[in-house]
Amino acid sequence: MPEQRIKGQETEINVLVDGVVQTFTDVQSFEFMHEQETKEEGYLGEKGNRYDDIYKGWTASFKMHNSSGALFDFLGILKDRAQRRTPGVVINIKSTLNFPSGERKRVIMTDAFFEGSGVGFGSRDDYGESSFSCKGTDYRVL
């Protein structure tokens with residue numbers, strides 16, 4: 001019998017600002033990428049190139065609809081940190097993956113730094129949508 005694969009319904013995304021969970025519901029999509037680069041060098045007298053890899057941190061992006069004004073509270077936190085009004089603010093992202101087999105993994109993306117973000121409306125009958133893109137140096141899997 002083949003194993004079932006994980007789906008979005010088994011994934012929870014939380015944003016923690018200084019250890020306090022910022023509740024965002026209506027997350028439509030989420031992507032986490034472990035970033036690394038491959039270096040290649042060729043040397044005289046050798047028949048092939050040599051390779052090495054370098055860890056470059058992580059990137060993540062998520063898209064969501066908006067159900068409350070919490071989005072603007074979060075945007076204010078991002079703005080204040082970027083303008084150095086509230087130094088020392090740490091933003092972590094936690095993704096909990098509940099696999100159909102019963103296995104559970106949590107990915108903690110530490111000290112996230114965000115690109116520009118906001119809210120958009122496609123038309124009169126579309127929900128407000130926000131997109132976020134961030135990156136950081138390290139993550140851990142629990």
# chains A, B, ... in the order shown; residues from 1 in each chain; ligands from 1
>>> closest_atom_pairs(of="region 50-128 of chain A", to="region 1-21 of chain A", cutoff="6 Å", atoms="only C-alpha atoms", output="JSON lines")
{"residue": "A:Val90", "atom": "CA", "partner": "A:Asp18", "partner_atom": "CA", "distance": 5.3}
{"residue": "A:Ile91", "atom": "CA", "partner": "A:Val17", "partner_atom": "CA", "distance": 4.6}
{"residue": "A:Asn92", "atom": "CA", "partner": "A:Leu16", "partner_atom": "CA", "distance": 5.1}
{"residue": "A:Ile93", "atom": "CA", "partner": "A:Val15", "partner_atom": "CA", "distance": 4.6}
{"residue": "A:Lys94", "atom": "CA", "partner": "A:Asn14", "partner_atom": "CA", "distance": 5.2}
{"residue": "A:Ser95", "atom": "CA", "partner": "A:Ile13", "partner_atom": "CA", "distance": 4.7}
{"residue": "A:Thr96", "atom": "CA", "partner": "A:Glu12", "partner_atom": "CA", "distance": 5.1}
{"residue": "A:Leu97", "atom": "CA", "partner": "A:Thr11", "partner_atom": "CA", "distance": 4.8}
{"residue": "A:Asn98", "atom": "CA", "partner": "A:Glu10", "partner_atom": "CA", "distance": 5.1}
{"residue": "A:Phe99", "atom": "CA", "partner": "A:Ile6", "partner_atom": "CA", "distance": 5.4}
>>> closest_atom_pairs(of="region 31-75 of chain A", to="region 22-25 of chain A", cutoff="9 Å", atoms="only C-alpha atoms", output="tab-separated table")
residue	atom	partner	partner_atom	distance
A:Met64	CA	A:Thr25	CA	7.6
A:His65	CA	A:Thr25	CA	7.7
A:Asn66	CA	A:Thr25	CA	7.5
A:Ser67	CA	A:Thr25	CA	7.1
A:Ser68	CA	A:Phe24	CA	8.5
A:Ala70	CA	A:Thr23	CA	7.5
A:Leu71	CA	A:Phe24	CA	7.6
A:Phe74	CA	A:Gln22	CA	7.6
>>> write_last_selection(atoms="all heavy atoms", output="mmCIF file, in the first residue's frame")
data_model
loop_
_atom_site.group_PDB
_atom_site.id
_atom_site.type_symbol
_atom_site.label_atom_id
_atom_site.label_comp_id
_atom_site.auth_asym_id
_atom_site.auth_seq_id
_atom_site.Cartn_x
_atom_site.Cartn_y
_atom_site.Cartn_z
ATOM 1 N N MET A 64 -1.870 35.225 1.347
ATOM 2 C CA MET A 64 -3.037 35.009 2.193
ATOM 3 C C MET A 64 -4.132 36.021 1.906
ATOM 4 O O MET A 64 -3.874 37.088 1.345
ATOM 5 C CB MET A 64 -2.649 35.086 3.658
ATOM 6 C CG MET A 64 -2.120 36.426 4.092
ATOM 7 S SD MET A 64 -1.559 36.374 5.784
ATOM 8 C CE MET A 64 -1.968 38.020 6.301
ATOM 9 N N HIS A 65 -5.350 35.648 2.269
ATOM 10 C CA HIS A 65 -6.462 36.583 2.296
ATOM 11 C C HIS A 65 -6.448 37.260 3.660
ATOM 12 O O HIS A 65 -5.741 36.821 4.571
ATOM 13 C CB HIS A 65 -7.782 35.864 2.073
ATOM 14 C CG HIS A 65 -8.014 35.488 0.644
ATOM 15 N ND1 HIS A 65 -8.793 34.437 0.266
ATOM 16 C CD2 HIS A 65 -7.569 36.026 -0.509
ATOM 17 C CE1 HIS A 65 -8.818 34.338 -1.043
ATOM 18 N NE2 HIS A 65 -8.069 35.294 -1.539
ATOM 19 N N ASN A 66 -7.216 38.316 3.818
ATOM 20 C CA ASN A 66 -7.201 39.077 5.065
ATOM 21 C C ASN A 66 -8.570 39.035 5.733
ATOM 22 O O ASN A 66 -9.575 39.391 5.128
ATOM 23 C CB ASN A 66 -6.813 40.532 4.777
ATOM 24 C CG ASN A 66 -5.468 40.603 4.085
ATOM 25 O OD1 ASN A 66 -4.461 40.307 4.702
ATOM 26 N ND2 ASN A 66 -5.451 40.938 2.814
ATOM 27 N N SER A 67 -8.568 38.599 7.009
ATOM 28 C CA SER A 67 -9.815 38.496 7.761
ATOM 29 C C SER A 67 -9.912 39.518 8.881
ATOM 30 O O SER A 67 -10.950 39.642 9.505
ATOM 31 C CB SER A 67 -9.946 37.097 8.365
ATOM 32 O OG SER A 67 -9.983 36.132 7.358
ATOM 33 N N SER A 68 -8.803 40.205 9.180
ATOM 34 C CA SER A 68 -8.829 41.169 10.278
ATOM 35 C C SER A 68 -7.758 42.236 10.048
ATOM 36 O O SER A 68 -6.938 42.125 9.137
ATOM 37 C CB SER A 68 -8.581 40.462 11.613
ATOM 38 O OG SER A 68 -7.228 40.096 11.729
ATOM 39 N N ALA A 70 -5.229 42.596 11.785
ATOM 40 C CA ALA A 70 -3.926 42.117 12.275
ATOM 41 C C ALA A 70 -2.839 42.291 11.226
ATOM 42 O O ALA A 70 -1.675 42.503 11.561
ATOM 43 C CB ALA A 70 -4.024 40.653 12.702
ATOM 44 N N LEU A 71 -3.216 42.229 9.959
ATOM 45 C CA LEU A 71 -2.249 42.430 8.878
ATOM 46 C C LEU A 71 -1.560 43.782 9.022
ATOM 47 O O LEU A 71 -0.345 43.890 8.911
ATOM 48 C CB LEU A 71 -2.942 42.345 7.521
ATOM 49 C CG LEU A 71 -2.132 42.903 6.348
ATOM 50 C CD1 LEU A 71 -0.967 41.978 6.032
ATOM 51 C CD2 LEU A 71 -2.992 43.125 5.153
ATOM 52 N N PHE A 74 0.901 43.923 11.820
ATOM 53 C CA PHE A 74 2.143 43.264 11.421
ATOM 54 C C PHE A 74 2.961 44.145 10.484
ATOM 55 O O PHE A 74 4.176 44.272 10.638
ATOM 56 C CB PHE A 74 1.834 41.918 10.773
ATOM 57 C CG PHE A 74 3.060 41.127 10.427
ATOM 58 C CD1 PHE A 74 3.924 40.692 11.415
ATOM 59 C CD2 PHE A 74 3.345 40.811 9.113
ATOM 60 C CE1 PHE A 74 5.065 39.961 11.102
ATOM 61 C CE2 PHE A 74 4.478 40.080 8.787
ATOM 62 C CZ PHE A 74 5.337 39.646 9.788
#
>>> closest_residue(among="A:Lys105, A:Lys63, A:Arg50, A:His34", to="Ser133 (chain A)", atoms="only C-alpha atoms")
A:Lys63
>>> closest_residue(among="A:Phe72, A:Tyr51, A:Phe121, A:Phe114", to="Gly136 (chain A)", atoms="only C-alpha atoms")
A:Phe114
>>> select_by_dssp(residues="region 31-95 of chain A", states="helix (DSSP H, G or I)", output="ChimeraX atom specification")
/A:70-82
>>> write_last_selection(atoms="N, CA and C atoms", output="PDB file, in the first residue's frame")
ATOM      1  N   ALA A  70      -5.229  42.596  11.785  1.00  0.00           N
ATOM      2  CA  ALA A  70      -3.926  42.117  12.275  1.00  0.00           C
ATOM      3  C   ALA A  70      -2.839  42.291  11.226  1.00  0.00           C
ATOM      4  N   LEU A  71      -3.216  42.229   9.959  1.00  0.00           N
ATOM      5  CA  LEU A  71      -2.249  42.430   8.878  1.00  0.00           C
ATOM      6  C   LEU A  71      -1.560  43.782   9.022  1.00  0.00           C
ATOM      7  N   PHE A  72      -2.328  44.834   9.300  1.00  0.00           N
ATOM      8  CA  PHE A  72      -1.747  46.172   9.383  1.00  0.00           C
ATOM      9  C   PHE A  72      -0.933  46.353  10.654  1.00  0.00           C
ATOM     10  N   ASP A  73      -1.289  45.630  11.718  1.00  0.00           N
ATOM     11  CA  ASP A  73      -0.437  45.625  12.912  1.00  0.00           C
ATOM     12  C   ASP A  73       0.924  45.021  12.565  1.00  0.00           C
ATOM     13  N   PHE A  74       0.901  43.923  11.820  1.00  0.00           N
ATOM     14  CA  PHE A  74       2.143  43.264  11.421  1.00  0.00           C
ATOM     15  C   PHE A  74       2.961  44.145  10.484  1.00  0.00           C
ATOM     16  N   LEU A  75       2.307  44.788   9.514  1.00  0.00           N
ATOM     17  CA  LEU A  75       3.021  45.702   8.615  1.00  0.00           C
ATOM     18  C   LEU A  75       3.663  46.844   9.403  1.00  0.00           C
ATOM     19  N   GLY A  76       2.989  47.311  10.448  1.00  0.00           N
ATOM     20  CA  GLY A  76       3.560  48.346  11.315  1.00  0.00           C
ATOM     21  C   GLY A  76       4.806  47.855  12.037  1.00  0.00           C
ATOM     22  N   ILE A  77       4.779  46.600  12.490  1.00  0.00           N
ATOM     23  CA  ILE A  77       5.948  46.007  13.147  1.00  0.00           C
ATOM     24  C   ILE A  77       7.119  45.950  12.171  1.00  0.00           C
ATOM     25  N   LEU A  78       6.846  45.506  10.936  1.00  0.00           N
ATOM     26  CA  LEU A  78       7.908  45.433   9.923  1.00  0.00           C
ATOM     27  C   LEU A  78       8.488  46.817   9.623  1.00  0.00           C
ATOM     28  N   LYS A  79       7.608  47.789   9.484  1.00  0.00           N
ATOM     29  CA  LYS A  79       8.048  49.152   9.173  1.00  0.00           C
ATOM     30  C   LYS A  79       8.878  49.738  10.315  1.00  0.00           C
ATOM     31  N   ASP A  80       8.395  49.589  11.550  1.00  0.00           N
ATOM     32  CA  ASP A  80       9.124  50.136  12.698  1.00  0.00           C
ATOM     33  C   ASP A  80      10.495  49.499  12.847  1.00  0.00           C
ATOM     34  N   ARG A  81      10.588  48.176  12.617  1.00  0.00           N
ATOM     35  CA  ARG A  81      11.892  47.522  12.715  1.00  0.00           C
ATOM     36  C   ARG A  81      12.825  48.020  11.610  1.00  0.00           C
ATOM     37  N   ALA A  82      12.305  48.152  10.393  1.00  0.00           N
ATOM     38  CA  ALA A  82      13.131  48.609   9.274  1.00  0.00           C
ATOM     39  C   ALA A  82      13.610  50.047   9.479  1.00  0.00           C
TER      40      ALA A  82
END
>>> select_by_dssp(residues="region 10-141 of chain A", states="strand (DSSP E or B)", output="PyMOL selection string")
chain A and resi 11-17+20-22+27-41+50-65+91-98+104-110+113-114+120+129-136+138-141
>>> atom_distance(atom1="CA of Asp138 (chain A)", atom2="CA of Glu35 (chain A)")
10.2 Å
>>> closest_residue(among="A:Thr110, A:Thr38, A:Ser29, A:Ser101", to="Ser131 (chain A)", atoms="only C-alpha atoms")
A:Ser29
>>> closest_residue(among="A:Val119, A:Val107, A:Leu44, A:Ile54", to="Phe132 (chain A)", atoms="only C-alpha atoms")
A:Val119
>>> closest_residue(among="A:Val141, A:Val89, A:Glu31, A:Tyr127", to="Arg104 (chain A)", atoms="only C-alpha atoms")
A:Val141
>>> atom_distance(atom1="CA of Tyr139 (chain A)", atom2="CA of Lys56 (chain A)")
11.5 Å
>>> atom_distance(atom1="CA of Phe62 (chain A)", atom2="CA of Arg85 (chain A)")
25.7 Å
